[in-house]
Structures are given as structure tokens and as C-alpha cells.
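Colleague: Below you'll find target_15.tsv; it's TSV, C-alpha atoms.
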```tsv
chain	number	residue	atom	x	y	z
X	171	MET	CA	62.11	211.56	156.28
X	172	LEU	CA	63.81	208.18	156.46
X	173	GLY	CA	67.58	208.05	156.73
X	174	VAL	CA	69.75	206.09	154.31
X	175	ALA	CA	70.44	203.33	156.86
X	176	GLU	CA	66.73	202.89	157.53
X	177	ILE	CA	65.85	202.54	153.86
X	178	GLU	CA	68.69	200.16	153.03
X	179	GLN	CA	68.61	198.13	156.27
X	180	LEU	CA	72.28	198.74	157.00
X	181	PRO	CA	73.80	196.46	159.68
X	182	VAL	CA	74.54	199.26	162.14
X	183	LEU	CA	73.32	197.29	165.15
X	184	GLN	CA	75.66	194.40	164.34
X	185	ALA	CA	78.53	196.86	163.82
X	186	ARG	CA	77.86	198.29	167.27
X	187	ALA	CA	78.32	194.77	168.65
X	188	GLY	CA	81.75	194.59	167.01
X	189	ASP	CA	80.81	192.44	164.02
X	190	ALA	CA	83.66	192.84	161.51
X	191	ALA	CA	81.49	191.68	158.59
X	192	ALA	CA	78.95	194.38	159.43
X	193	TRP	CA	81.67	197.03	159.47
X	194	ASP	CA	82.93	195.75	156.14
X	195	ALA	CA	79.45	196.04	154.62
X	196	LEU	CA	79.00	199.57	155.99
X	197	PHE	CA	82.39	200.79	154.80
X	198	ARG	CA	81.92	199.14	151.41
X	199	ARG	CA	78.58	200.91	151.02
X	200	PHE	CA	79.99	204.36	151.82
X	201	GLN	CA	83.61	204.26	150.69
X	202	LEU	CA	83.08	205.65	147.17
X	203	PRO	CA	80.44	208.29	148.05
X	204	LEU	CA	82.67	209.47	150.90
X	205	TYR	CA	85.70	209.61	148.68
X	206	VAL	CA	83.82	211.53	145.97
X	207	TYR	CA	82.57	214.03	148.53
X	208	VAL	CA	85.95	214.50	150.14
X	209	PHE	CA	87.90	214.63	146.88
X	210	GLU	CA	85.62	217.24	145.35
X	211	LEU	CA	86.17	219.40	148.41
X	212	VAL	CA	89.91	219.03	149.00
X	213	ARG	CA	90.94	218.16	145.40
X	214	ASP	CA	93.87	216.01	146.34
X	215	GLU	CA	93.89	212.23	145.99
X	216	GLN	CA	96.24	211.38	148.84
X	217	THR	CA	94.56	213.79	151.25
X	218	SER	CA	91.17	212.37	150.30
X	219	LEU	CA	92.29	208.80	150.91
X	220	ASP	CA	93.77	209.84	154.27
X	221	ILE	CA	90.51	211.50	155.25
X	222	VAL	CA	88.42	208.47	154.27
X	223	GLN	CA	90.71	206.28	156.36
X	224	GLU	CA	90.42	208.66	159.33
X	225	VAL	CA	86.64	208.67	158.94
X	226	PHE	CA	86.51	204.87	159.05
X	227	ILE	CA	88.76	204.69	162.10
X	228	ASN	CA	86.81	207.40	163.92
X	229	ALA	CA	83.50	205.75	163.05
X	230	ALA	CA	84.63	202.41	164.48
X	231	ARG	CA	85.95	204.06	167.63
X	232	HIS	CA	83.06	206.40	168.29
X	233	ILE	CA	80.05	204.40	167.11
X	234	GLY	CA	78.75	204.77	170.67
X	235	SER	CA	78.16	208.47	170.05
X	236	LEU	CA	75.71	207.72	167.19
X	237	ARG	CA	72.27	208.17	168.72
X	238	ASP	CA	70.10	207.03	165.83
X	239	ASP	CA	71.20	204.04	163.72
X	240	ALA	CA	69.09	205.28	160.82
X	241	LYS	CA	71.35	208.35	160.63
X	242	PHE	CA	74.55	206.35	160.16
X	243	GLY	CA	75.18	207.75	156.66
X	244	SER	CA	74.80	211.38	157.59
X	245	TRP	CA	76.83	210.77	160.77
X	246	LEU	CA	79.66	209.34	158.66
X	247	PHE	CA	79.53	212.27	156.24
X	248	GLY	CA	79.49	214.61	159.23
X	249	ILE	CA	82.82	213.19	160.36
X	250	ALA	CA	84.17	213.57	156.81
X	251	HIS	CA	82.92	217.14	156.63
X	252	GLN	CA	84.68	218.03	159.85
X	253	LYS	CA	87.93	216.55	158.54
X	254	CYS	CA	87.57	218.57	155.32
X	255	ALA	CA	86.80	221.73	157.29
X	256	GLN	CA	90.04	221.23	159.19
X	257	ARG	CA	91.88	221.12	155.85
X	258	TRP	CA	89.99	224.17	154.58
X	259	ARG	CA	91.03	226.19	157.57
X	260	LYS	CA	94.62	225.44	156.69
X	261	GLN	CA	94.40	225.83	152.90
X	262	ALA	CA	91.70	228.20	151.73
X	263	ARG	CA	90.31	230.31	154.53
X	264	GLU	CA	89.55	233.15	152.18
X	265	GLU	CA	87.41	230.95	149.92
X	266	MET	CA	85.02	230.32	152.79
X	267	LEU	CA	84.56	234.06	153.19
X	268	ARG	CA	83.88	234.67	149.49
X	269	GLU	CA	80.36	233.34	149.64
X	270	GLU	CA	77.60	235.95	149.61
X	271	PHE	CA	73.90	235.33	149.31
X	272	ALA	CA	71.19	237.75	148.25
X	273	GLY	CA	67.49	237.59	148.98
X	274	GLU	CA	65.41	235.12	150.98
X	275	PRO	CA	66.16	231.39	150.98
X	276	VAL	CA	64.10	229.62	148.35
X	277	GLN	CA	62.16	226.41	148.92
X	278	PHE	CA	64.13	223.60	147.32
X	279	GLU	CA	62.39	220.34	146.67
X	280	SER	CA	63.85	219.01	143.45
X	281	ALA	CA	65.48	215.58	143.26
X	282	PRO	CA	69.23	215.21	142.65
X	283	ASP	CA	68.66	213.68	139.23
X	284	ASP	CA	66.55	216.58	137.98
X	285	LEU	CA	69.76	218.01	136.62
X	286	LEU	CA	70.60	215.77	133.71
X	287	ILE	CA	73.82	216.31	131.90
X	288	ARG	CA	74.65	215.42	128.35
X	289	GLU	CA	77.82	213.50	127.65
X	290	GLU	CA	79.51	216.47	125.97
X	291	GLN	CA	78.70	218.58	129.05
X	292	GLU	CA	80.30	216.26	131.62
X	293	ALA	CA	83.70	217.91	131.64
X	294	GLU	CA	82.08	221.30	131.79
X	295	PHE	CA	79.90	220.17	134.67
X	296	MET	CA	82.95	219.07	136.66
X	297	ARG	CA	84.72	222.35	135.93
X	298	LEU	CA	81.70	224.37	137.02
X	299	LEU	CA	81.28	222.30	140.14
X	300	ASN	CA	84.86	223.05	141.08
X	301	GLU	CA	84.31	226.75	140.49
X	302	LEU	CA	81.56	226.94	143.10
X	303	PRO	CA	82.50	228.26	146.55
X	304	ALA	CA	83.28	225.40	148.95
X	305	PRO	CA	80.11	225.77	151.11
X	306	GLN	CA	77.85	225.62	148.02
X	307	ARG	CA	79.86	222.76	146.55
X	308	SER	CA	79.59	220.89	149.82
X	309	VAL	CA	75.79	220.98	150.03
X	310	LEU	CA	75.45	220.25	146.33
X	311	LEU	CA	77.68	217.18	146.58
X	312	LEU	CA	75.76	215.87	149.59
X	313	HIS	CA	72.57	216.35	147.61
X	314	PHE	CA	73.93	214.69	144.45
X	315	VAL	CA	75.94	211.88	145.98
X	316	GLU	CA	73.66	210.61	148.77
X	317	ASP	CA	70.42	212.52	148.28
X	318	PHE	CA	70.50	213.59	151.91
X	319	SER	CA	67.54	215.56	153.23
X	320	LEU	CA	67.92	219.25	154.05
X	321	GLU	CA	67.92	218.38	157.76
X	322	GLU	CA	70.68	215.84	157.25
X	323	ILE	CA	72.78	218.25	155.18
X	324	ALA	CA	72.29	220.89	157.86
X	325	GLY	CA	73.46	218.37	160.47
X	326	ILE	CA	76.49	217.35	158.42
X	327	THR	CA	77.65	220.86	157.55
X	328	GLY	CA	76.69	222.42	160.89
X	329	VAL	CA	74.51	225.21	159.46
X	330	SER	CA	70.80	225.98	159.63
X	331	ILE	CA	68.27	224.41	157.27
X	332	GLY	CA	67.59	227.86	155.83
X	333	THR	CA	71.23	228.28	154.92
X	334	VAL	CA	71.29	224.81	153.33
X	335	LYS	CA	68.21	225.66	151.25
X	336	SER	CA	69.78	228.89	150.14
X	337	ARG	CA	73.15	227.35	149.27
X	338	LEU	CA	71.56	224.49	147.38
X	339	HIS	CA	69.27	226.79	145.46
X	340	TYR	CA	72.01	229.16	144.34
X	341	ALA	CA	74.47	226.40	143.57
X	342	LYS	CA	72.01	224.55	141.40
X	343	LYS	CA	70.78	227.72	139.77
X	344	SER	CA	74.26	228.83	138.80
X	345	LEU	CA	75.12	225.36	137.52
X	346	ARG	CA	72.01	225.20	135.40
X	347	LYS	CA	72.56	228.69	134.07
X	348	LEU	CA	76.10	227.91	133.06
X	349	LEU	CA	75.12	224.63	131.45
X	350	GLU	CA	72.29	226.29	129.52
X	351	LYS	CA	74.68	228.78	128.03
X	352	LYS	CA	76.55	226.02	126.29
X	353	PRO	CA	75.14	224.73	122.98
Y	229	MET	CA	72.06	211.79	129.71
Y	230	LYS	CA	73.56	211.18	133.11
Y	231	THR	CA	72.86	212.37	136.61
Y	232	PRO	CA	75.53	214.31	138.51
Y	233	ARG	CA	75.91	211.26	140.77
Y	234	ASP	CA	76.72	209.01	137.80
Y	235	ILE	CA	79.30	211.45	136.50
Y	236	LEU	CA	80.95	211.87	139.89
Y	237	PHE	CA	81.10	208.13	140.61
Y	238	GLU	CA	82.44	207.37	137.17
Y	239	LYS	CA	85.16	209.94	137.53
Y	240	HIS	CA	86.41	208.42	140.78
Y	241	ARG	CA	85.89	204.74	139.98
Y	242	SER	CA	89.67	204.31	139.58
Y	243	ALA	CA	90.15	204.99	143.31
Y	244	GLN	CA	88.18	201.84	144.18
Y	245	PRO	CA	91.20	199.47	144.71
Y	246	LYS	CA	92.82	201.96	147.09
Y	247	LEU	CA	89.54	202.40	148.95
Y	248	ASP	CA	89.21	198.62	149.24
Y	249	ALA	CA	92.63	198.44	150.86
Y	250	ILE	CA	91.71	201.23	153.28
Y	251	ARG	CA	88.45	199.48	154.11
Y	252	ARG	CA	90.17	196.16	154.81
Y	253	ALA	CA	92.68	197.86	157.13
Y	254	ALA	CA	89.91	199.73	158.94
Y	255	VAL	CA	87.82	196.57	159.37
Y	256	ALA	CA	90.86	194.73	160.76
Y	257	GLY	CA	91.17	197.61	163.24
Y	258	THR	CA	87.58	197.20	164.41
Y	259	ASN	CA	88.56	193.88	166.02
Y	260	GLU	CA	91.04	195.61	168.33
Y	261	PRO	CA	88.55	197.49	170.46
Y	262	ALA	CA	86.54	194.28	170.83
Y	263	ARG	CA	89.62	192.48	172.08
Y	264	SER	CA	90.58	195.29	174.42
Y	265	ARG	CA	87.07	195.43	175.90
Y	266	ILE	CA	87.57	194.35	179.53
Y	267	THR	CA	85.01	191.91	180.86
Y	268	LEU	CA	84.52	191.06	184.53
Y	269	HIS	CA	86.14	187.71	183.87
Y	270	ASP	CA	89.25	189.36	182.38
Y	271	PHE	CA	89.40	191.82	185.25
Y	272	LEU	CA	89.25	189.06	187.88
Y	273	ARG	CA	91.77	187.01	185.93
Y	274	SER	CA	94.21	189.90	185.94
Y	275	LEU	CA	93.83	190.10	189.72
Y	276	ARG	CA	94.23	186.37	190.39
Y	277	TRP	CA	97.78	186.57	191.83
Y	278	HIS	CA	96.84	189.53	194.04
Y	279	LEU	CA	93.81	187.57	195.27
Y	280	VAL	CA	95.97	184.50	195.99
Y	281	GLY	CA	98.43	186.65	197.96
Y	282	MET	CA	95.69	188.36	199.96
Y	283	SER	CA	94.04	185.00	200.69
Y	284	ALA	CA	97.34	183.62	202.03
Y	285	ILE	CA	97.77	186.65	204.30
Y	286	TRP	CA	94.24	186.31	205.66
Y	287	LEU	CA	94.78	182.60	206.25
Y	288	LEU	CA	97.94	183.39	208.22
Y	289	VAL	CA	96.07	186.00	210.27
Y	290	LEU	CA	93.34	183.47	211.08
Y	291	ILE	CA	95.90	180.84	212.15
Y	292	LEU	CA	97.71	183.34	214.41
Y	293	HIS	CA	94.40	184.45	215.87
Y	294	ALA	CA	93.49	180.85	216.63
Y	295	ASP	CA	96.82	180.43	218.50
Y	296	THR	CA	96.28	183.49	220.72
Y	297	GLY	CA	92.60	182.76	221.16
Y	298	GLN	CA	93.30	181.50	224.76
Y	299	ALA	CA	94.12	185.00	226.08
Y	300	PRO	CA	90.53	185.97	227.00
Y	301	GLN	CA	90.10	182.64	228.80
Y	302	MET	CA	93.22	183.36	230.89
Y	303	VAL	CA	91.85	186.73	231.98
Y	304	ALA	CA	88.57	185.07	232.90
Y	305	ALA	CA	90.44	182.40	234.88
Y	306	ILE	CA	91.88	184.94	237.44
Y	307	PRO	CA	89.89	184.44	240.67
Y	308	SER	CA	87.88	187.44	241.76
Y	309	THR	CA	89.34	187.18	245.26
Y	310	ARG	CA	92.77	188.20	243.91
Y	311	ILE	CA	91.43	191.52	242.62
Y	312	PRO	CA	92.10	194.13	245.33
Y	313	SER	CA	89.26	196.13	246.81
Y	314	PRO	CA	88.96	199.89	245.99
Y	315	GLN	CA	90.08	200.86	249.49
Y	316	VAL	CA	93.26	198.84	249.18
Y	317	MET	CA	93.93	200.32	245.73
Y	318	LEU	CA	93.40	203.85	247.13
Y	319	ALA	CA	95.80	203.19	249.97
Y	320	SER	CA	98.30	201.87	247.48
Y	321	VAL	CA	98.01	205.01	245.36
Y	322	ARG	CA	98.52	207.21	248.46
Y	323	GLU	CA	101.59	205.24	249.43
Y	324	HIS	CA	103.04	205.60	245.92
Y	325	ARG	CA	102.42	209.35	245.96
Y	326	ARG	CA	104.11	209.68	249.33
Y	327	VAL	CA	107.18	207.75	248.14
Y	328	LEU	CA	107.25	209.92	244.97
Y	329	ALA	CA	107.06	213.09	247.09
Y	330	GLU	CA	109.97	211.93	249.26
Y	331	MET	CA	112.06	211.16	246.19
Y	332	THR	CA	111.42	214.57	244.63
Y	333	ASP	CA	111.98	216.38	248.04
Y	334	SER	CA	108.64	218.13	247.88
Y	335	HIS	CA	107.03	219.50	251.10
Y	336	PRO	CA	105.09	216.82	252.93
Y	337	GLY	CA	102.31	219.34	253.55
Y	338	ASP	CA	101.77	219.80	249.82
Y	339	GLY	CA	101.30	216.11	249.49
Y	340	GLU	CA	98.61	216.26	252.13
Y	341	ARG	CA	96.84	219.12	250.34
Y	342	ARG	CA	96.98	217.37	247.01
Y	343	GLU	CA	95.31	214.39	248.52
Y	344	LEU	CA	92.65	212.87	246.33
Y	345	PHE	CA	89.28	214.56	246.73
Y	346	LEU	CA	86.82	212.24	248.40
Y	347	PRO	CA	83.29	213.59	248.76
Y	348	LYS	CA	81.83	213.40	252.26
Y	349	PRO	CA	78.64	211.50	252.92
Y	350	ARG	CA	75.45	213.55	252.64
Y	351	SER	CA	74.69	213.00	256.35
Y	352	GLU	CA	77.87	214.93	257.26
Y	353	TRP	CA	76.84	217.84	254.95
Y	354	ARG	CA	73.57	218.27	256.94
Y	355	ARG	CA	75.49	218.26	260.24
Y	356	GLU	CA	77.75	221.06	258.95
Y	357	PHE	CA	74.76	223.12	257.81
Y	358	SER	CA	72.96	222.73	261.16
Y	359	ILE	CA	76.10	223.86	263.08
Y	360	ALA	CA	76.32	226.94	260.88
```
Kindly transcribe the structure held in the file into C-alpha cells.
Modeller:
Amino acid sequence: MLGVAEIEQLPVLQARAGDAAAWDALFRRFQLPLYVYVFELVRDEQTSLDIVQEVFINAARHIGSLRDDAKFGSWLFGIAHQKCAQRWRKQAREEMLREEFAGEPVQFESAPDDLLIREEQEAEFMRLLNELPAPQRSVLLLHFVEDFSLEEIAGITGVSIGTVKSRLHYAKKSLRKLLEKKP
Amino acid sequence: MKTPRDILFEKHRSAQPKLDAIRRAAVAGTNEPARSRITLHDFLRSLRWHLVGMSAIWLLVLILHADTGQAPQMVAAIPSTRIPSPQVMLASVREHRRVLAEMTDSHPGDGERRELFLPKPRSEWRREFSIA
């Protein structure tokens, strides 16, 4: 599967060479998706902005550690995920332990826009999203926001593809169930 | 009907100005590593005064060496006739040892015994064997 950078022809090579305009284009492309992802995980505006800033600084400093330019997007989200995980360890350790899965992981191949939400359901959708355990919310956001592949989500969150499949399946299932209940 | 992505982006659209400011600051920071990247030219430039100093020292060493360059010629200029023969040198050593023994009051016989070992010619060895 092609990475985001490969599809969109992101100027990663120029950024590696220290081209400020290339960095500007890359950061502009990812600033809002990164912020959305981080905010929905840490739920604090200032902390989210701090994390996005740290991600940008780290990316510029450690671009040499990126092996595949096509994976720039998932690499960036990986840094963000690690920063969020550091916050989670401090804030809500018990929430991470709450997650329990039953049964075998289910094959998940649906697109992120297969879940369409009516205008009157938007607030409810956001509330339900926030009610999901952090690991499920994390994979669901990566799926919704950037349409990352299962492999990329596994790389970002540091879990196996099977676990990503399982988390995504149950998160989406519970969201759909809750949304269907509403008139 | 909206996708989850649309809803999420719409919700956080208000953060855009703050994100722009963060982006600009981060991009300005990306120039710093480029400036701090040390090239060979920068490295040599930083060493220029050390190199000048070392060059001056080497120049001084070469000048001094050129001044004392006559020493080997002087050694070569000593005529070979002035160099004493080994026999004369040996006699001189014996004389010095004798004078040293007198000064330190050691027994003259000891001095004789401690005389330098000089191997006898092979012809004399055969004579000794035949006598035996």
C-alpha cells in the first residue's frame, strides 16, 4: 500500500536537504490532522499545541532517522503518538488497562468514510468517540483522520496488526451500535 | 451527511491560527541545524590561526636546522690519521683503570685480574691442547 507522502508527492527529499519551504509545506499539510489526533487523545488545547510543536521540532531534528520518505506521515504521527503516550502514563494509566477484547480479531477493510454521520448526530458522535478507551480511540482517529493502513497504524501505535484490526473493529462496531440506537 | 474526518476537522478549525504560528516557529528553527552543519571549509577556517602558528614554528625549525647543517661536514672533515688505533685506545683504557685503582686504594693485584678479557689466537689454543 502506498504511503501518504508517496500519493501526494510530499517534498520530503527537499526537507532532508534543509529546504525551509519544503518543511513549511510538510508542516502545513499535517498540522491540523496532527492536532486533531493529539487533542482527541489528551483533551487539552494547550497540551495538544505543545505536543504538535514538539513533534515539528523533533521531526526537523531527526529526519535522518526516517528510512522511507513515503512513510513521512505515519512517522510524524508515530512521534505524536509517543508524546501522547508519555502524557497518558502520567494522567490516565488505569484507562489503558481498562481495555478488554473478546474473540478473534476480525478482518477490517472498510473505508473511513463508510461511517456517515447525520448533522444531528455530530455531537453524539464526538461524545461517543471520547467515551472509547484510549487505545481504541487512537486507532480509530488514525483511520478517520489520515486513512492510514493497518500496517501504518500498527507502526504508529507500536502494536501488532492483529491488535490494530481488533481495536478498529470493536471501536467502529460500538460507535455504529450507539449511533443506530439514536432516532 | 458528513464523514468522521469532516466533523473532526470542523471542530478544530479554530485552532488553525495557533497552529500556523507554531509551524512558522518550527520552520524558522529548521534553518538552525543547516547553519550549524560544519563543512570542511568551516572546519579549516576555524583552525586557520592554529595552522598559521604551527607553520611559523616549522619555519623556525627549518631555519635553525639550516644554520646547524654544517655539523656533519665538520665531523667528516676530521682527518682519519687523528683517530687513534684500537691498541692505543686499549692502552689508554688500561692506564685510566690503573689511575682509578690507585685513587680508590684498591689492591693492584685485583686490577690485574680484572684486566679486560682478550681472547688468545687460535694457534695458541692448539699449542695448549698438544702440551696437555
Colleague: Using all atoms listed in the file, I'd like every residue of chain Y that has an atom within 10 Å of chain X; please write them out as a VMD selection string.
Modeller: chain Y and resid 229 to 241 243 to 244 246 to 263
Colleague: Would you output that residue set with C-alpha atoms, as a PDB file, in the frame of the given file?
Modeller:
```pdb
ATOM      1  CA  MET Y 229      72.060 211.790 129.710  1.00  0.00           C
ATOM      2  CA  LYS Y 230      73.560 211.180 133.110  1.00  0.00           C
ATOM      3  CA  THR Y 231      72.860 212.370 136.610  1.00  0.00           C
ATOM      4  CA  PRO Y 232      75.530 214.310 138.510  1.00  0.00           C
ATOM      5  CA  ARG Y 233      75.910 211.260 140.770  1.00  0.00           C
ATOM      6  CA  ASP Y 234      76.720 209.010 137.800  1.00  0.00           C
ATOM      7  CA  ILE Y 235      79.300 211.450 136.500  1.00  0.00           C
ATOM      8  CA  LEU Y 236      80.950 211.870 139.890  1.00  0.00           C
ATOM      9  CA  PHE Y 237      81.100 208.130 140.610  1.00  0.00           C
ATOM     10  CA  GLU Y 238      82.440 207.370 137.170  1.00  0.00           C
ATOM     11  CA  LYS Y 239      85.160 209.940 137.530  1.00  0.00           C
ATOM     12  CA  HIS Y 240      86.410 208.420 140.780  1.00  0.00           C
ATOM     13  CA  ARG Y 241      85.890 204.740 139.980  1.00  0.00           C
ATOM     14  CA  ALA Y 243      90.150 204.990 143.310  1.00  0.00           C
ATOM     15  CA  GLN Y 244      88.180 201.840 144.180  1.00  0.00           C
ATOM     16  CA  LYS Y 246      92.820 201.960 147.090  1.00  0.00           C
ATOM     17  CA  LEU Y 247      89.540 202.400 148.950  1.00  0.00           C
ATOM     18  CA  ASP Y 248      89.210 198.620 149.240  1.00  0.00           C
ATOM     19  CA  ALA Y 249      92.630 198.440 150.860  1.00  0.00           C
ATOM     20  CA  ILE Y 250      91.710 201.230 153.280  1.00  0.00           C
ATOM     21  CA  ARG Y 251      88.450 199.480 154.110  1.00  0.00           C
ATOM     22  CA  ARG Y 252      90.170 196.160 154.810  1.00  0.00           C
ATOM     23  CA  ALA Y 253      92.680 197.860 157.130  1.00  0.00           C
ATOM     24  CA  ALA Y 254      89.910 199.730 158.940  1.00  0.00           C
ATOM     25  CA  VAL Y 255      87.820 196.570 159.370  1.00  0.00           C
ATOM     26  CA  ALA Y 256      90.860 194.730 160.760  1.00  0.00           C
ATOM     27  CA  GLY Y 257      91.170 197.610 163.240  1.00  0.00           C
ATOM     28  CA  THR Y 258      87.580 197.200 164.410  1.00  0.00           C
ATOM     29  CA  ASN Y 259      88.560 193.880 166.020  1.00  0.00           C
ATOM     30  CA  GLU Y 260      91.040 195.610 168.330  1.00  0.00           C
ATOM     31  CA  PRO Y 261      88.550 197.490 170.460  1.00  0.00           C
ATOM     32  CA  ALA Y 262      86.540 194.280 170.830  1.00  0.00           C
ATOM     33  CA  ARG Y 263      89.620 192.480 172.080  1.00  0.00           C
TER      34      ARG Y 263
END
```
Colleague: Between atom CA of Phe318 of chain X and atom CA of His339 of chain X, what is the spacing in Å?
Modeller: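 Value for the atom CA of His339 of chain X-atom CA of Phe318 of chain X distance: 14.7 Å.
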Colleague: What would the list of residues within 8 Å of (74.4, 224.4, 142.2) (file frame) look like as a list in words, if only C-alpha atoms are what count?
Modeller: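 Within 8 Å of (74.4, 224.4, 142.2), the protein and nucleic acid residues are Leu299, Leu302, Gln306, Arg307, Leu310, Arg337, Leu338, His339, Tyr340, Ala341, Lys342, Lys343, Ser344, Leu345 and Arg346 of chain X.
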Colleague: Around all listed atoms of segment 315-334 of chain Y, padded 3 Å per side, what centre and edge lengths does the axis-aligned box have in Å to one decimal, as lines of an AutoDock Vina configuration file?
Modeller:
```
center_x = 101.1
center_y = 208.5
center_z = 247.3
size_x = 28.0
size_y = 25.3
size_z = 11.3
```
Colleague: What is the atom CA of Arg257 of chain X-atom CA of Glu301 of chain X distance in Å, reported with one decimal?
Modeller: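 Value for the atom CA of Arg257 of chain X-atom CA of Glu301 of chain X distance: 18.0 Å.
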Colleague: Report, in Å to a single decimal, how far apart atom CA of Met331 of chain Y and atom CA of Met317 of chain Y are.
Modeller: 21.1 Å
Colleague: Can you tell me which residues surround segment 241-253 of chain X at a distance of at most 8 Å, considering all atoms listed in the file, apart from same-chain residues fewer than 3 positions away, and format the answer as a PyMOL selection string?
Modeller: chain X and resi 173-176+182+200+204+208+221-222+225+228-229+236+238+256-257+318+322-323+325-327
Colleague: Can you patch up segment 220-243 of chain X, filling it in to N, CA and C atoms, and show the result as a short mmCIF file (atom, residue, chain, number, x, y, z; two decimals), keeping the file's coordinate frame?
Modeller:
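part_9.cif, written as the output of this step:
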```
data_model
loop_
_atom_site.label_atom_id
_atom_site.label_comp_id
_atom_site.auth_asym_id
_atom_site.auth_seq_id
_atom_site.Cartn_x
_atom_site.Cartn_y
_atom_site.Cartn_z
N ASP X 220 93.45 209.73 152.83
CA ASP X 220 93.77 209.84 154.27
C ASP X 220 92.52 210.18 155.08
N ILE X 221 91.73 211.09 154.53
CA ILE X 221 90.51 211.50 155.25
C ILE X 221 89.52 210.34 155.34
N VAL X 222 89.35 209.62 154.25
CA VAL X 222 88.42 208.47 154.27
C VAL X 222 88.88 207.45 155.32
N GLN X 223 90.17 207.22 155.36
CA GLN X 223 90.71 206.28 156.36
C GLN X 223 90.43 206.78 157.79
N GLU X 224 90.68 208.07 158.00
CA GLU X 224 90.42 208.66 159.33
C GLU X 224 88.94 208.56 159.70
N VAL X 225 88.10 208.76 158.70
CA VAL X 225 86.64 208.67 158.94
C VAL X 225 86.26 207.26 159.38
N PHE X 226 86.81 206.27 158.69
CA PHE X 226 86.51 204.87 159.05
C PHE X 226 86.98 204.56 160.47
N ILE X 227 88.20 204.98 160.77
CA ILE X 227 88.76 204.69 162.10
C ILE X 227 87.92 205.38 163.18
N ASN X 228 87.62 206.65 162.95
CA ASN X 228 86.81 207.40 163.92
C ASN X 228 85.43 206.79 164.11
N ALA X 229 84.85 206.36 162.99
CA ALA X 229 83.50 205.75 163.05
C ALA X 229 83.52 204.50 163.92
N ALA X 230 84.53 203.66 163.70
CA ALA X 230 84.63 202.41 164.48
C ALA X 230 84.86 202.69 165.96
N ARG X 231 85.64 203.73 166.23
CA ARG X 231 85.95 204.06 167.63
C ARG X 231 84.78 204.71 168.36
N HIS X 232 84.07 205.57 167.63
CA HIS X 232 83.06 206.40 168.29
C HIS X 232 81.62 206.05 167.90
N ILE X 233 81.41 204.83 167.49
CA ILE X 233 80.05 204.40 167.11
C ILE X 233 79.07 204.60 168.28
N GLY X 234 79.59 204.56 169.48
CA GLY X 234 78.75 204.77 170.67
C GLY X 234 78.11 206.14 170.71
N SER X 235 78.71 207.11 170.03
CA SER X 235 78.16 208.47 170.05
C SER X 235 77.03 208.65 169.02
N LEU X 236 76.82 207.65 168.16
CA LEU X 236 75.71 207.72 167.19
C LEU X 236 74.41 207.38 167.90
N ARG X 237 73.52 208.37 167.96
CA ARG X 237 72.27 208.17 168.72
C ARG X 237 71.24 207.36 167.95
N ASP X 238 71.14 207.66 166.64
CA ASP X 238 70.10 207.03 165.83
C ASP X 238 70.76 206.21 164.72
N ASP X 239 70.57 204.91 164.73
CA ASP X 239 71.20 204.04 163.72
C ASP X 239 70.80 204.40 162.30
N ALA X 240 69.58 204.91 162.15
CA ALA X 240 69.09 205.28 160.82
C ALA X 240 69.88 206.45 160.23
N LYS X 241 70.59 207.18 161.09
CA LYS X 241 71.35 208.35 160.63
C LYS X 241 72.82 208.01 160.42
N PHE X 242 73.14 206.74 160.28
CA PHE X 242 74.55 206.35 160.16
C PHE X 242 75.24 207.07 159.01
N GLY X 243 74.58 207.12 157.84
CA GLY X 243 75.18 207.75 156.66
C GLY X 243 75.52 209.21 156.89
#
```
